[in-house]
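Structure below is coords.cif: mmCIF, C-alpha atoms and all ligand atoms.
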data_coords
loop_
_atom_site.label_atom_id
_atom_site.label_comp_id
_atom_site.auth_asym_id
_atom_site.auth_seq_id
_atom_site.Cartn_x
_atom_site.Cartn_y
_atom_site.Cartn_z
CA MET M 1 22.87 16.65 -31.38
CA TYR M 2 21.71 16.37 -34.98
CA GLU M 3 22.39 13.31 -37.07
CA ILE M 4 22.83 13.21 -40.82
CA LYS M 5 19.85 11.74 -42.65
CA THR M 6 20.79 9.48 -45.51
CA LEU M 7 19.17 8.44 -48.78
CA GLY M 8 15.89 6.70 -48.02
CA ALA M 9 14.88 9.14 -45.27
CA ASP M 10 11.57 10.82 -46.22
CA VAL M 11 12.70 14.20 -44.90
CA LEU M 12 15.30 14.44 -47.69
CA ARG M 13 12.47 14.36 -50.24
CA GLU M 14 10.30 17.10 -48.82
CA GLN M 15 10.09 20.79 -49.61
CA ALA M 16 11.51 22.94 -46.81
CA SER M 17 9.74 26.09 -45.65
CA ASP M 18 10.98 29.63 -45.12
CA VAL M 19 12.46 30.80 -41.86
CA THR M 20 10.25 33.49 -40.31
CA GLU M 21 12.05 34.07 -37.03
CA PHE M 22 15.61 35.32 -37.01
CA GLY M 23 16.59 34.65 -33.43
CA PRO M 24 18.65 32.45 -31.14
CA GLU M 25 16.96 29.27 -32.35
CA LEU M 26 18.19 29.90 -35.89
CA LYS M 27 21.71 30.61 -34.59
CA ARG M 28 21.63 27.36 -32.64
CA LEU M 29 20.53 25.46 -35.74
CA THR M 30 23.29 26.89 -37.95
CA SER M 31 26.06 26.39 -35.39
CA GLU M 32 24.99 22.76 -34.95
CA MET M 33 24.88 22.38 -38.72
CA PHE M 34 28.46 23.64 -39.01
CA MET M 35 29.52 21.08 -36.39
CA VAL M 36 27.76 18.21 -38.13
CA MET M 37 29.20 19.30 -41.48
CA LYS M 38 32.76 19.45 -40.16
CA ARG M 39 32.40 16.13 -38.40
CA GLY M 40 31.43 14.63 -41.75
CA GLU M 41 34.21 16.55 -43.52
CA GLY M 42 31.68 18.19 -45.81
CA ILE M 43 31.82 21.67 -47.35
CA GLY M 44 28.09 22.30 -47.35
CA LEU M 45 25.04 21.15 -45.43
CA ALA M 46 21.33 21.89 -45.78
CA ALA M 47 18.90 21.82 -42.85
CA PRO M 48 16.78 18.94 -44.25
CA GLN M 49 19.92 16.79 -44.05
CA VAL M 50 19.67 16.98 -40.28
CA GLY M 51 15.89 16.51 -40.39
CA VAL M 52 14.93 20.18 -40.15
CA LEU M 53 12.61 21.30 -42.97
CA LYS M 54 13.74 24.91 -43.06
CA ASN M 55 15.20 26.88 -45.95
CA VAL M 56 18.71 27.13 -44.52
CA PHE M 57 22.07 25.89 -45.66
CA VAL M 58 25.65 26.46 -44.56
CA VAL M 59 28.85 26.39 -46.60
CA GLN M 60 32.50 26.41 -45.58
CA LEU M 61 35.14 26.01 -48.24
CA ALA M 62 38.93 25.82 -47.93
CA ASP M 63 39.00 29.62 -47.45
CA GLY M 64 37.54 28.94 -44.01
CA ILE M 65 34.77 31.53 -44.28
CA PRO M 66 31.56 30.19 -42.73
CA ARG M 67 28.67 31.16 -44.98
CA VAL M 68 25.01 30.95 -43.94
CA PHE M 69 22.16 31.22 -46.45
CA VAL M 70 18.66 31.64 -45.05
CA ASN M 71 15.64 31.52 -47.40
CA PRO M 72 17.97 31.47 -50.42
CA GLU M 73 16.76 31.99 -53.97
CA ILE M 74 18.81 31.43 -57.08
CA ILE M 75 17.80 34.38 -59.20
CA GLU M 76 20.18 33.96 -62.14
CA THR M 77 22.26 31.17 -63.64
CA SER M 78 24.89 31.28 -66.38
CA LEU M 79 24.26 29.62 -69.72
CA GLU M 80 27.66 27.97 -69.49
CA GLN M 81 27.52 24.64 -67.71
CA SER M 82 30.21 22.21 -66.62
CA PRO M 83 30.48 18.75 -65.12
CA TYR M 84 32.05 18.46 -61.68
CA GLU M 85 32.34 15.51 -59.35
CA GLU M 86 29.91 15.81 -56.44
CA GLY M 87 29.35 13.86 -53.30
CA CYS M 88 26.90 14.30 -50.46
CA LEU M 89 26.93 13.55 -46.74
CA SER M 90 23.44 12.10 -47.22
CA VAL M 91 24.62 9.72 -49.95
CA PRO M 92 27.89 8.52 -48.42
CA GLY M 93 30.48 6.86 -50.61
CA ILE M 94 28.92 7.94 -53.91
CA TYR M 95 30.65 10.44 -56.19
CA ALA M 96 29.58 11.36 -59.70
CA ASP M 97 29.92 14.15 -62.25
CA VAL M 98 26.93 16.47 -62.26
CA ILE M 99 26.39 19.11 -64.93
CA ARG M 100 25.34 22.49 -63.57
CA PRO M 101 25.61 26.17 -64.51
CA ASP M 102 29.09 27.62 -63.85
CA ARG M 103 27.83 30.74 -62.13
CA VAL M 104 24.80 31.71 -60.09
CA ARG M 105 23.42 34.80 -58.46
CA VAL M 106 21.78 33.99 -55.17
CA GLN M 107 19.73 36.15 -52.91
CA ALA M 108 19.41 35.13 -49.27
CA TYR M 109 19.23 36.38 -45.71
CA THR M 110 21.82 36.34 -42.96
CA GLU M 111 21.05 34.83 -39.57
CA GLU M 112 20.22 38.37 -38.49
CA GLY M 113 17.61 38.70 -41.22
CA LYS M 114 19.63 41.00 -43.46
CA ARG M 115 19.17 40.43 -47.17
CA PHE M 116 22.26 39.94 -49.34
CA THR M 117 23.15 38.94 -52.89
CA VAL M 118 26.13 36.84 -53.96
CA ASP M 119 27.52 36.26 -57.43
CA ALA M 120 29.18 32.90 -57.11
CA SER M 121 31.41 30.95 -59.46
CA GLY M 122 33.63 27.90 -59.19
CA LEU M 123 33.21 25.62 -56.20
CA LEU M 124 31.02 28.09 -54.32
CA ALA M 125 28.50 28.19 -57.18
CA ARG M 126 28.54 24.41 -57.26
CA VAL M 127 27.94 23.99 -53.54
CA ILE M 128 25.20 26.64 -53.47
CA GLN M 129 23.29 24.80 -56.21
CA HIS M 130 23.76 21.42 -54.54
CA GLU M 131 22.53 22.70 -51.16
CA HIS M 132 19.71 24.70 -52.72
CA ASP M 133 18.48 21.46 -54.30
CA HIS M 134 18.27 19.87 -50.84
CA LEU M 135 15.70 22.51 -49.83
CA LYS M 136 13.48 21.29 -52.68
CA GLY M 137 13.91 17.62 -51.83
CA VAL M 138 16.33 17.05 -54.71
CA LEU M 139 19.55 15.03 -54.36
CA PHE M 140 22.54 15.21 -56.69
CA VAL M 141 21.94 11.66 -57.90
CA ASP M 142 18.57 12.86 -59.31
CA ARG M 143 20.52 15.05 -61.73
CA LEU M 144 22.49 12.18 -63.27
CA PRO M 145 21.51 10.63 -66.60
CA GLU M 146 19.16 7.72 -65.96
CA THR M 147 21.55 4.85 -66.68
CA LYS M 148 24.25 6.41 -64.56
CA ARG M 149 21.82 7.10 -61.75
CA GLU M 150 20.64 3.50 -61.72
CA ARG M 151 24.22 2.31 -61.64
CA VAL M 152 25.28 4.48 -58.68
CA LEU M 153 22.10 3.68 -56.75
CA ARG M 154 22.69 -0.04 -57.24
CA MET M 155 26.24 0.48 -55.95
CA TYR M 156 24.90 2.42 -52.98
CA LYS M 157 22.30 -0.21 -52.11
CA LYS M 158 24.84 -2.99 -52.32
CA ARG M 159 27.17 -1.13 -50.02
CA TYR M 160 24.59 -0.19 -47.41
CA ARG M 161 22.04 -2.99 -47.96
CA LYS M 162 19.15 -0.56 -47.93
ZN ZN T 201 24.14 17.02 -50.31
#
Write-out of the structure in structure tokens:
Amino acid sequence: MYEIKTLGADVLREQASDVTEFGPELKRLTSEMFMVMKRGEGIGLAAPQVGVLKNVFVVQLADGIPRVFVNPEIIETSLEQSPYEEGCLSVPGIYADVIRPDRVRVQAYTEEGKRFTVDASGLLARVIQHEHDHLKGVLFVDRLPETKRERVLRMYKKRYRK
């Protein structure tokens, strides 16, 4: 069973690589990721968060639809941006407003290797961008203004003594 990697783990800072085989192994990975995500009460999870450096993330919002994105690429973002409070299973206990584009167009593959495009807005757009960052080794705290980032990281270190 996979475990969530938390801030400080090297794997969270590495660039993931594309999936090349769309088979049972990929299905196993995504179904485990959904389990880990639900256990942590998250709404999105990227493979590097469970130590797997593959370009895969899963999303499940309140609508209950399980969404899998394999080898995703954000191909368009809106000019309009908004702040929204984010958290992350890999940075437990920390929540902060992050400014991101309101809408994105993402191209990705299903677990079966079928290409699809999604125009996302609202929370889905937010989660897609957050998870996509994980595949590049970027965490949401990296996107905070410097003084705020230092403050939340101090808070985090104090709490977890890392
Ligand atoms: Zn995260």
What are the closest atom pairs, with distances in Å to one decimal, for each residue of chain M lying within 12 Å of ligand ZN 201 (chain T), using only C-alpha atoms and all ligand atoms, rows by chain and rising residue number, as a Markdown table?
| residue | atom | partner | partner_atom | distance |
| --- | --- | --- | --- | --- |
| M:Ile4 | CA | T:ZN201 | ZN | 10.3 |
| M:Lys5 | CA | T:ZN201 | ZN | 10.2 |
| M:Thr6 | CA | T:ZN201 | ZN | 9.5 |
| M:Leu7 | CA | T:ZN201 | ZN | 10.0 |
| M:Leu12 | CA | T:ZN201 | ZN | 9.6 |
| M:Arg13 | CA | T:ZN201 | ZN | 12.0 |
| M:Met37 | CA | T:ZN201 | ZN | 10.4 |
| M:Gly40 | CA | T:ZN201 | ZN | 11.5 |
| M:Gly42 | CA | T:ZN201 | ZN | 8.9 |
| M:Ile43 | CA | T:ZN201 | ZN | 9.5 |
| M:Gly44 | CA | T:ZN201 | ZN | 7.2 |
| M:Leu45 | CA | T:ZN201 | ZN | 6.5 |
| M:Ala46 | CA | T:ZN201 | ZN | 7.2 |
| M:Ala47 | CA | T:ZN201 | ZN | 10.3 |
| M:Pro48 | CA | T:ZN201 | ZN | 9.7 |
| M:Gln49 | CA | T:ZN201 | ZN | 7.6 |
| M:Val50 | CA | T:ZN201 | ZN | 11.0 |
| M:Phe57 | CA | T:ZN201 | ZN | 10.2 |
| M:Val58 | CA | T:ZN201 | ZN | 11.2 |
| M:Val59 | CA | T:ZN201 | ZN | 11.1 |
| M:Glu86 | CA | T:ZN201 | ZN | 8.5 |
| M:Gly87 | CA | T:ZN201 | ZN | 6.8 |
| M:Cys88 | CA | T:ZN201 | ZN | 3.9 |
| M:Leu89 | CA | T:ZN201 | ZN | 5.7 |
| M:Ser90 | CA | T:ZN201 | ZN | 5.9 |
| M:Val91 | CA | T:ZN201 | ZN | 7.3 |
| M:Pro92 | CA | T:ZN201 | ZN | 9.5 |
| M:Gly93 | CA | T:ZN201 | ZN | 12.0 |
| M:Ile94 | CA | T:ZN201 | ZN | 10.9 |
| M:Tyr95 | CA | T:ZN201 | ZN | 11.0 |
| M:Arg126 | CA | T:ZN201 | ZN | 11.1 |
| M:Val127 | CA | T:ZN201 | ZN | 8.6 |
| M:Ile128 | CA | T:ZN201 | ZN | 10.2 |
| M:Gln129 | CA | T:ZN201 | ZN | 9.8 |
| M:His130 | CA | T:ZN201 | ZN | 6.1 |
| M:Glu131 | CA | T:ZN201 | ZN | 6.0 |
| M:His132 | CA | T:ZN201 | ZN | 9.2 |
| M:Asp133 | CA | T:ZN201 | ZN | 8.2 |
| M:His134 | CA | T:ZN201 | ZN | 6.5 |
| M:Leu135 | CA | T:ZN201 | ZN | 10.1 |
| M:Lys136 | CA | T:ZN201 | ZN | 11.7 |
| M:Gly137 | CA | T:ZN201 | ZN | 10.4 |
| M:Val138 | CA | T:ZN201 | ZN | 9.0 |
| M:Leu139 | CA | T:ZN201 | ZN | 6.4 |
| M:Phe140 | CA | T:ZN201 | ZN | 6.8 |
| M:Val141 | CA | T:ZN201 | ZN | 9.5 |
| M:Asp142 | CA | T:ZN201 | ZN | 11.4 |
Identify, on the basis of only C-alpha atoms, every residue whose closest approach to segment 116-120 of chain M does not exceed 6 Å; exclude the query and any residue fewer than 5 positions from it along the same chain; express the result as a VMD selection string. chain M and resid 103 to 109 125
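The interatomic distance for the pair atom CA of Pro66 of chain M and atom CA of Glu21 of chain M works out to 20.7 Å.
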Residue nearest Met1 of chain M - candidates M:Glu76, M:Glu85, M:Glu150, M:Glu32, atoms counted: all atoms listed in the file: M:Glu32
So which one's closest to Val52 of chain M, M:Ser82, M:Thr110, M:Thr147, M:Ser17? Using only C-alpha atoms, please.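 Among the listed residues, the smallest separation from Val52 of chain M belongs to M:Ser17.
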Using only C-alpha atoms, pick whichever of M:Leu61, M:Met35, M:Ile99, M:Leu26 has the shortest atom-to-atom distance to Pro145 of chain M.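 Selected residue with least distance to Pro145 of chain M: M:Ile99.
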Atom CA of Gln15 of chain M and atom CA of Val70 of chain M are how many Å apart?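 Atom CA of Gln15 of chain M sits 14.6 Å away from atom CA of Val70 of chain M.
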